[in-house]
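**Q** What follows is a structure written as structure tokens; I'll ask about it next.
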Amino acid sequence: MNIKQIRLLISLLLVVAVALFFGLTSNSFFTTSNISQLLRESAYIGTIAIGMSGVIISGNIDLSAGGIVCFSGCILARLAHAGAPAAVCVIGAIAIGVGLGFINSVLVNHLHIAPFVATLAAGFAYTGLGLIFTFRDKLGRQVNQSIKNPGVELLGGKVGIIYYSVIVWLILAFIIYFLQTRTKFGMHTYAVGSNEKSAQMSGVRIYRIKAINYMICGAMCGVASVFTVAYNHTATPSLGNAMEFQAIAACVIGGIVMSGGFGSSISAVLGSIFFMMLTNGMLKYGLNVDWQKMVQGALIIIATSFDAQFTRAYTARMRKKNN
Amino acid sequence: MLKFKRFMGGSWGQRALLIIIIFVIMAIGERKFFTSANWSSILLAIAIYGIMACGMLFVVLIGGMDLSIGSMAALSGSLLAMNWFNSGYTTAGFAKGLLLGLIAGLVVGLLHGVLVAYLNLPFFVVTLATQYLIYGFVVYITQGGFYYPARQTGFDPFAFMGNAKFLGLAMPVWFFIIVALITGFILMKTTYGRRLYAVGGSNRAAELVGIHTRRHTIIAYIICSLCAAFAGMILVSLNMVAGCTTAKGYEGTVLLAMMVGGINLAGGEGDIFGAVFGALFVGILDNMQILLGIPSDYNKTIQGVIILIAVALNVYQSRKAAGIISPGKARRLAAKAAKEEAAAAGK
């Protein structure tokens, strides 16, 4: 077993442990409706997180994810409201995501702005642009317009207790996992994240790798916005608000190291389930938003410091063993 | 002429150019901009951003960033308003709130510093996490509500902090001037300040010449949190309301101020004048938007675009100065050189 498998196993055990803890101590946790809602909420964060995983593995960060969700969600709502077929709406939302991801990559690659700053500022811009497309009344105030579009409404539905968004999320996670672990592109992504300079010297087209990762992240944000708008039947300006931070938190908790080169999309999936499960379980105990925020914050710090120590200890042990 | 060119190429020239552009736009768009009443409101608005920017400068100089300053301001402001309100408006309650707010700033800064310097965690994750933590704590202590302290007859220390006037300028502006002078003095005239630039330039090199980089990092984070705490208390006193939404999202605005002020986020570059100018610019920008009747929905878009332009220009200049060329350009240059060589060989 190598370090990656061990870390993945730890994440999995944590998820199981938390599920068992809340399941055994609270009797409203293992109900079908709760599990179904829990998975739907995890899918929302998780879809963004699996896109984000590639960006973080390649050593960058995308803080504009929430902005992309807002922008593509607002456009999607407009399209759906105008009566466009569902396929057009979905493709439109994803295309916008890819386009905005491409803009991010241009900012990072060709204008050489630090990824953290570039995507934060771009996220501001995207959110603001999304606001232009929100529904307004005659006085220019934002209103909650309910969307009537049978095709889009269908996407927000569920089969049995599982929402469509969860199924799509898991399929996409495995596709991205395949891309990350079994293809040249994936290997290059890890190479860029581990050491950008040496990857470049070895002939990896680092700009292209980064750009593709940003575009995948954008596309995932587009997918997330489709299912959220389909479920809520409306797009509000607060759509996607602070989602990027939750997605990053999910990645970090799942074991993706912020400096890059470690983790995979499966870590992001486990991280987002763990994150939402904890939030959900705390609600069951009657702990409100204040406690949730505090625990989320503490969790992020614990997860990052654990990963730092874990990687160091493992490397030291391996070195000893090899000598 | 050469002197003028050099001036315009430097940071002061660019700042002057920005100000001139704004003045021209406002002279065409809205003359109300130039009234003294408007300027005093601009100064009032920038005082809060300015104090935060002065503190943030320390952290940015060592190549870090503090995303939790908005929450920090909410915490200290809430502590002050709560103690002032709950003690039945006594001076002792006010002093207790003031002290608790500053202690909170000290503790949070120490936490950031220790986590970043000793556990080597990325500053981004740490300050993001403490943003959640502090925000949750503020909701917890205020129970999700808001405090509206009533104005007292006679001497009212709480209202005095934000609303009193001295020599024609509001108190927050004076506080901003004092903080800017102190932080400027620390950065320019003390060993600590000069060493901070060394740490930001190259942490490893600074450590090798015997600078205690970890201690410097911790102190920088403490100063940042203290400034944010102080700014939060003034903000609360200015608005006479405190709660979890106080100063929400201010970190983005302060970041904008940093960018416009020409402070390099990679660390080691920038000065107090940049921070003050950045805060001034942010205040003027907000004011312009209001006067020109641009809906507040576009605030964020405008801010984002300006950050991108400012940073792209900074990066372009520093790369040009350092003579760095991108791989694509290097490839093109090599191809061109090969072509010329081939042409020369053909002759």
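For the structure tokens, the naming scheme is as follows: chains receive sequential letters (A, B, ...) according to their order of presentation, residues are indexed from 1 within each chain, and ligands are indexed from 1 in presentation order.
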Set the cut-off to 7 Å and count only C-alpha atoms: what are the residues of chain A that reach chain B? Output as a count of residues only.
**A** 24
**Q** Can you list, as number ranges by chain, all residues belonging to region 52-236 of chain B that DSSP tags as helix (DSSP H, G or I)?
**A** B: 52-61, 69-86, 91-117, 123-142, 157-163, 171-189, 191-201, 203-208, 213-236
**Q** Please tabulate, as CSV, the residues of region 178-265 of chain A that come within 9 Å of region 165-170 of chain A, each with its closest pair of atoms and the distance in Å to one decimal, counting only C-alpha atoms and ordering rows by chain, then residue number upward.
**A**
residue,atom,partner,partner_atom,distance
A:Val223,CA,A:Ser165,CA,8.8
A:Ala224,CA,A:Ser165,CA,8.1
A:Phe227,CA,A:Ser165,CA,6.0
A:Thr228,CA,A:Ser165,CA,8.7
**Q** Give me a file of those residues, with N, CA, C and O atoms, as a tab-separated table (two decimals), in the first residue's frame.
**A**
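Heads up, here's the output in out28.tsv:
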chain	number	residue	atom	x	y	z
A	223	VAL	N	-22.10	22.26	-14.66
A	223	VAL	CA	-22.96	21.12	-14.33
A	223	VAL	C	-23.64	21.35	-12.98
A	223	VAL	O	-24.85	21.13	-12.82
A	224	ALA	N	-22.85	21.82	-12.00
A	224	ALA	CA	-23.41	22.06	-10.66
A	224	ALA	C	-24.54	23.08	-10.75
A	224	ALA	O	-25.59	22.93	-10.12
A	227	PHE	N	-27.91	21.57	-12.11
A	227	PHE	CA	-28.73	20.78	-11.19
A	227	PHE	C	-29.30	21.64	-10.07
A	227	PHE	O	-30.41	21.39	-9.61
A	228	THR	N	-28.55	22.65	-9.63
A	228	THR	CA	-29.08	23.50	-8.57
A	228	THR	C	-30.27	24.31	-9.05
A	228	THR	O	-31.30	24.39	-8.39
**Q** From a DSSP calculation on the backbone, collect every residue of region 58-280 of chain B in strand (DSSP E) and output the set as a PDB file with all heavy atoms, in the first residue's frame.
**A**
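Here's the written file states_12.pdb:
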ATOM      1  N   LYS B 165     -15.965  65.001  15.758  1.00  0.00           N
ATOM      2  CA  LYS B 165     -15.107  65.696  14.800  1.00  0.00           C
ATOM      3  C   LYS B 165     -14.022  66.440  15.545  1.00  0.00           C
ATOM      4  O   LYS B 165     -14.227  66.927  16.651  1.00  0.00           O
ATOM      5  CB  LYS B 165     -15.943  66.666  13.968  1.00  0.00           C
ATOM      6  CG  LYS B 165     -16.697  65.960  12.882  1.00  0.00           C
ATOM      7  CD  LYS B 165     -17.109  66.914  11.787  1.00  0.00           C
ATOM      8  CE  LYS B 165     -17.570  66.098  10.612  1.00  0.00           C
ATOM      9  NZ  LYS B 165     -17.785  66.864   9.427  1.00  0.00           N
ATOM     10  N   PHE B 166     -12.857  66.534  14.934  1.00  0.00           N
ATOM     11  CA  PHE B 166     -11.752  67.237  15.540  1.00  0.00           C
ATOM     12  C   PHE B 166     -11.045  67.986  14.416  1.00  0.00           C
ATOM     13  O   PHE B 166     -10.654  67.388  13.417  1.00  0.00           O
ATOM     14  CB  PHE B 166     -10.816  66.229  16.217  1.00  0.00           C
ATOM     15  CG  PHE B 166      -9.622  66.854  16.866  1.00  0.00           C
ATOM     16  CD1 PHE B 166      -9.771  67.672  17.975  1.00  0.00           C
ATOM     17  CD2 PHE B 166      -8.359  66.632  16.353  1.00  0.00           C
ATOM     18  CE1 PHE B 166      -8.666  68.245  18.566  1.00  0.00           C
ATOM     19  CE2 PHE B 166      -7.251  67.208  16.941  1.00  0.00           C
ATOM     20  CZ  PHE B 166      -7.413  68.014  18.054  1.00  0.00           C
ATOM     21  N   LEU B 169     -12.055  67.331  10.800  1.00  0.00           N
ATOM     22  CA  LEU B 169     -11.994  65.971  10.271  1.00  0.00           C
ATOM     23  C   LEU B 169     -12.656  65.025  11.265  1.00  0.00           C
ATOM     24  O   LEU B 169     -12.532  65.194  12.480  1.00  0.00           O
ATOM     25  CB  LEU B 169     -10.552  65.526  10.054  1.00  0.00           C
ATOM     26  CG  LEU B 169      -9.849  66.059   8.804  1.00  0.00           C
ATOM     27  CD1 LEU B 169      -8.413  65.585   8.796  1.00  0.00           C
ATOM     28  CD2 LEU B 169     -10.556  65.612   7.547  1.00  0.00           C
ATOM     29  N   ALA B 170     -13.331  64.001  10.731  1.00  0.00           N
ATOM     30  CA  ALA B 170     -13.983  63.040  11.613  1.00  0.00           C
ATOM     31  C   ALA B 170     -12.929  62.202  12.330  1.00  0.00           C
ATOM     32  O   ALA B 170     -11.815  62.034  11.832  1.00  0.00           O
ATOM     33  CB  ALA B 170     -14.909  62.144  10.804  1.00  0.00           C
TER      34      ALA B 170
END
**Q** Taking 4 positions as the minimum chain separation for residues in the same chain, which residues sit within 9 Å of region 49-60 of chain A when counting only C-alpha atoms? Answer as a PyMOL selection string.
**A** chain A and resi 44-45+65+114-116+169+172-173+176-177+180+186+188-196+209-210+213-221+244+246-251+256-269+271-272
**Q** Find the spatial neighbours of Met56 (chain B), counting only C-alpha atoms, within a cut-off of 8 Å - ignore same-chain residues fewer than 5 positions away - and output them as a PyMOL selection string.
**A** chain B and resi 65-66+224+254
**Q** Please produce a file of those selected residues containing N, CA and C atoms, as a PDB file, in the first residue's frame.
**A**
ATOM      1  N   MET B  65      -1.220  36.601   3.294  1.00  0.00           N
ATOM      2  CA  MET B  65      -2.497  37.261   3.020  1.00  0.00           C
ATOM      3  C   MET B  65      -3.418  36.890   4.166  1.00  0.00           C
ATOM      4  N   ASP B  66      -4.254  37.806   4.567  1.00  0.00           N
ATOM      5  CA  ASP B  66      -5.181  37.492   5.657  1.00  0.00           C
ATOM      6  C   ASP B  66      -6.612  37.656   5.150  1.00  0.00           C
ATOM      7  N   CYS B 224      -1.532  42.676  11.807  1.00  0.00           N
ATOM      8  CA  CYS B 224      -2.649  42.694  10.856  1.00  0.00           C
ATOM      9  C   CYS B 224      -3.977  42.504  11.586  1.00  0.00           C
ATOM     10  N   VAL B 254     -10.020  45.398   0.636  1.00  0.00           N
ATOM     11  CA  VAL B 254      -8.660  45.711   1.079  1.00  0.00           C
ATOM     12  C   VAL B 254      -7.645  45.108   0.112  1.00  0.00           C
TER      13      VAL B 254
END
**Q** Near Leu14 (chain A), within 10 Å and counting only C-alpha atoms, which residues show up once chain neighbours fewer than 6 positions away are dropped, as an mmCIF file with N, CA, C and O atoms, in the first residue's frame?
**A**
data_model
loop_
_atom_site.group_PDB
_atom_site.id
_atom_site.type_symbol
_atom_site.label_atom_id
_atom_site.label_comp_id
_atom_site.auth_asym_id
_atom_site.auth_seq_id
_atom_site.Cartn_x
_atom_site.Cartn_y
_atom_site.Cartn_z
ATOM 1 N N LEU A 8 -6.382 7.748 1.217
ATOM 2 C CA LEU A 8 -7.746 7.563 0.727
ATOM 3 C C LEU A 8 -8.539 6.702 1.706
ATOM 4 O O LEU A 8 -9.712 6.966 1.996
ATOM 5 N N LEU A 20 -21.638 6.364 11.038
ATOM 6 C CA LEU A 20 -22.055 5.467 12.118
ATOM 7 C C LEU A 20 -22.378 6.261 13.382
ATOM 8 O O LEU A 20 -23.381 6.010 14.048
ATOM 9 N N GLY A 254 -10.645 15.888 2.113
ATOM 10 C CA GLY A 254 -10.494 14.600 1.453
ATOM 11 C C GLY A 254 -9.044 14.179 1.259
ATOM 12 O O GLY A 254 -8.785 13.042 0.913
ATOM 13 N N LEU A 270 -15.044 11.956 -1.385
ATOM 14 C CA LEU A 270 -15.122 11.577 0.028
ATOM 15 C C LEU A 270 -15.154 12.808 0.920
ATOM 16 O O LEU A 270 -15.909 12.875 1.887
ATOM 17 N N GLY A 271 -14.321 13.789 0.576
ATOM 18 C CA GLY A 271 -14.270 15.019 1.360
ATOM 19 C C GLY A 271 -15.610 15.728 1.380
ATOM 20 O O GLY A 271 -16.066 16.182 2.432
ATOM 21 N N PHE A 274 -18.113 13.818 3.540
ATOM 22 C CA PHE A 274 -17.781 14.001 4.955
ATOM 23 C C PHE A 274 -18.228 15.379 5.448
ATOM 24 O O PHE A 274 -18.856 15.513 6.495
#
**Q** Excluding Ile103 (chain B) and residues on its chain fewer than 3 positions from it, collect all residues at most 10 Å away from it, counting only C-alpha atoms, and give them as a list in words.
**A**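 Here the answer would be Ser76, Gly97, Leu98, Leu99, Leu100, Leu106, Val107, Val108, Gly109, Ser225, Leu226 and Ala229 of chain B.
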**Q** If you count only C-alpha atoms, which residues fall within 7 Å of Met233 (chain B), apart from same-chain ones fewer than 2 positions away, as a PDB file with C-alpha atoms, in the first residue's frame?
**A**
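File written: around_5.pdb
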ATOM      1  CA  ALA B  73     -13.585  43.311  12.540  1.00  0.00           C
ATOM      2  CA  SER B  76     -14.058  43.030  17.848  1.00  0.00           C
ATOM      3  CA  GLY B  77     -16.925  45.352  16.929  1.00  0.00           C
ATOM      4  CA  LEU B  80     -17.218  46.319  22.027  1.00  0.00           C
ATOM      5  CA  ALA B 229      -9.867  44.595  15.216  1.00  0.00           C
ATOM      6  CA  PHE B 230      -9.336  48.332  15.689  1.00  0.00           C
ATOM      7  CA  ALA B 231     -10.963  49.113  12.337  1.00  0.00           C
ATOM      8  CA  LEU B 235     -16.770  50.831  12.002  1.00  0.00           C
ATOM      9  CA  VAL B 236     -19.257  49.696  14.614  1.00  0.00           C
ATOM     10  CA  SER B 237     -19.097  53.039  16.355  1.00  0.00           C
TER      11      SER B 237
END
**Q** Have a look at B:Pro149, B:Gly63, B:Gly232, B:Gly267 and name the one nearest to Leu102 (chain B); count only C-alpha atoms.
**A**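 Closest to Leu102 (chain B), using only C-alpha atoms: B:Gly232.
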**Q** CA of Lys158 (chain A) to CA of Gln37 (chain A): how many Å, to one decimal?
**A** 10.7 Å
**Q** Can you measure CA of Met240 (chain B) to CA of Lys32 (chain B) for me? One decimal in Å is fine.
**A**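 CA of Met240 (chain B) sits 27.4 Å away from CA of Lys32 (chain B).
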